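Below is one structure, written out as structure tokens; comments come after it.
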Amino acid sequence: LRAIDLRNTNVGDAGLKHLAGLPRLADLQVEKANVNDEGIANVAGLPLKSLNANYCTTISDAAMQSLANTTTLESLQMDYTKLTDAGMGSVANFPNLNRLRIRGTDVTGEGLKNIQKLSKLARLELRDSSLDDDGMAIIAKLPNMTYLDISECRLVTTEGMKLIGQMPNLEVLTLWETKLNDEAFNEFGGLTKLKALNLKATTLTDESIDTLMKLQNLEDLTVAGTQLSDDSFRKLGTLPKLKKLNVANTSIGFDVIDELAESNKNLEIIEFEN
């Protein structure tokens, strides 16, 4: 047995003890299961490549410390656990880690110092965490990052946002409800590999349109809740690869929506959101 999916079950720590006898288990999913620190310790001796403990809300730094020798990990997910900077030391021991998802955790730049040497890290999901400018300075130097989600990271300032412009390999970038403004966004002109960009509920205006138009590989663009004008929406409609454009909660005119729909039959325009 190489993979087991226990998401949304009542399996607890005692149940995980039985998995310790599965020497080839590489993928363990316990999201929203009844798992605590002891349960993670019970499986820490396995050669796990992927561990998903999202929403196991009692898991703490102790669980991460148990994993210190699980050096096989390639993907680690611990959303809305009690993980803090103190538990992040173990992450430095995972040289093959390519995905780290720790949304809603109290991890700052201090804890993120432990990812500095993880050259294989490509996907980082830190939404609604305690990420700050110090953390952004570390992330911006990671050489192979293709996916970054820092939505709702309200401690990152405009200066911290500017550092994203130093990450030319990004393909997916999600920044909704952040302090991103025109000044910071205009540092992003070199992010030409971007395919998906979410700028929802940021303060972007027409001052950013020239930079947006440099991102010629965009396929999915969300500008919901921004302050772009009809002229900018018309320009965005000419992006050659754009398949999906979210303009909910903007001042876009119905005539412009009709124009975009007529001129680009393959473009899905999202006008309303729940």
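Ligands are numbered from 1 in the order shown, residues from 1 within each chain, and chains are lettered A, B, ... in the order they appear in the structure tokens.
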For this session: Write out as a ChimeraX atom specification which residues come within 12 Å of segment 269-273 of chain A when counting only C-alpha atoms, dropping same-chain ones fewer than 5 positions away.
Result: /A:200,220-225,233,236-237,242-254,256-262,264
Problem set entry | Residues of segment 26-109 of chain A in strand (DSSP E or B), written as an NGL selection string | :A and (27-29 or 34 or 50-52 or 75-77 or 84 or 99-101 or 106)
Export of the given selection (C-alpha atoms) as a PDB file, in the first residue's frame:
ATOM      1  CA  ASP A  27       1.061   9.403   0.571  1.00  0.00           C
ATOM      2  CA  LEU A  28      -1.077  10.037   3.660  1.00  0.00           C
ATOM      3  CA  GLN A  29      -4.159  12.265   3.623  1.00  0.00           C
ATOM      4  CA  ASN A  34      -9.437  13.372  14.238  1.00  0.00           C
ATOM      5  CA  SER A  50       3.163  13.553   0.810  1.00  0.00           C
ATOM      6  CA  LEU A  51       1.376  14.443   4.043  1.00  0.00           C
ATOM      7  CA  ASN A  52      -1.888  16.378   4.154  1.00  0.00           C
ATOM      8  CA  SER A  75       4.608  17.816  -0.248  1.00  0.00           C
ATOM      9  CA  LEU A  76       3.453  19.053   3.171  1.00  0.00           C
ATOM     10  CA  GLN A  77       0.054  20.583   3.914  1.00  0.00           C
ATOM     11  CA  THR A  84       4.258  28.584  14.396  1.00  0.00           C
ATOM     12  CA  ARG A  99       5.039  22.035  -2.138  1.00  0.00           C
ATOM     13  CA  LEU A 100       4.396  23.715   1.219  1.00  0.00           C
ATOM     14  CA  ARG A 101       0.853  24.698   2.135  1.00  0.00           C
ATOM     15  CA  ASP A 106       1.120  31.921  12.579  1.00  0.00           C
TER      16      ASP A 106
END
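Separating atom CA of Asn181 of chain A from atom CA of Gln227 of chain A is a distance of 10.7 Å.
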Problem set entry | Close residues, Leu170 of chain A itself excluded, 9 Å, only C-alpha atoms, min 4 positions apart in chain, as a ChimeraX atom specification | /A:122,144-148,191-195
Let's have the selection written as a compact mmCIF listing (two decimals), in the first residue's frame, with N, CA and C atoms.
# COMPACT_ATOMS: atom_id res chain seq x y z
N ALA A 122 8.61 24.71 -5.30
CA ALA A 122 7.99 25.33 -6.47
C ALA A 122 6.63 25.92 -6.15
N ASN A 144 13.04 28.30 -8.04
CA ASN A 144 12.15 27.51 -8.90
C ASN A 144 10.67 27.67 -8.59
N MET A 145 10.31 28.79 -7.99
CA MET A 145 8.92 29.01 -7.62
C MET A 145 8.05 29.25 -8.85
N THR A 146 7.00 28.43 -8.98
CA THR A 146 6.04 28.61 -10.08
C THR A 146 4.64 28.97 -9.58
N TYR A 147 4.38 28.74 -8.30
CA TYR A 147 3.01 28.92 -7.77
C TYR A 147 3.11 29.61 -6.41
N LEU A 148 2.47 30.79 -6.28
CA LEU A 148 2.50 31.53 -5.02
C LEU A 148 1.12 32.07 -4.70
N LEU A 191 7.20 39.22 -15.22
CA LEU A 191 6.56 37.93 -14.87
C LEU A 191 5.81 37.37 -16.08
N THR A 192 6.52 37.22 -17.18
CA THR A 192 5.86 36.90 -18.45
C THR A 192 5.45 35.44 -18.59
N LYS A 193 5.79 34.59 -17.61
CA LYS A 193 5.35 33.20 -17.66
C LYS A 193 4.00 33.00 -16.97
N LEU A 194 3.47 34.07 -16.37
CA LEU A 194 2.20 33.95 -15.64
C LEU A 194 1.08 33.47 -16.55
N LYS A 195 0.36 32.45 -16.07
CA LYS A 195 -0.83 31.95 -16.77
C LYS A 195 -2.11 32.29 -16.01
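Nearest to Gln116 of chain A of all the residues A:Met213, A:Ala41, A:Leu228, A:Ala92 is A:Ala92, counting only C-alpha atoms.
Across A:Asp210, A:Asp61, A:Glu159, A:Asp149, the tightest approach to Ala196 of chain A is made by A:Asp149 when counting only C-alpha atoms.
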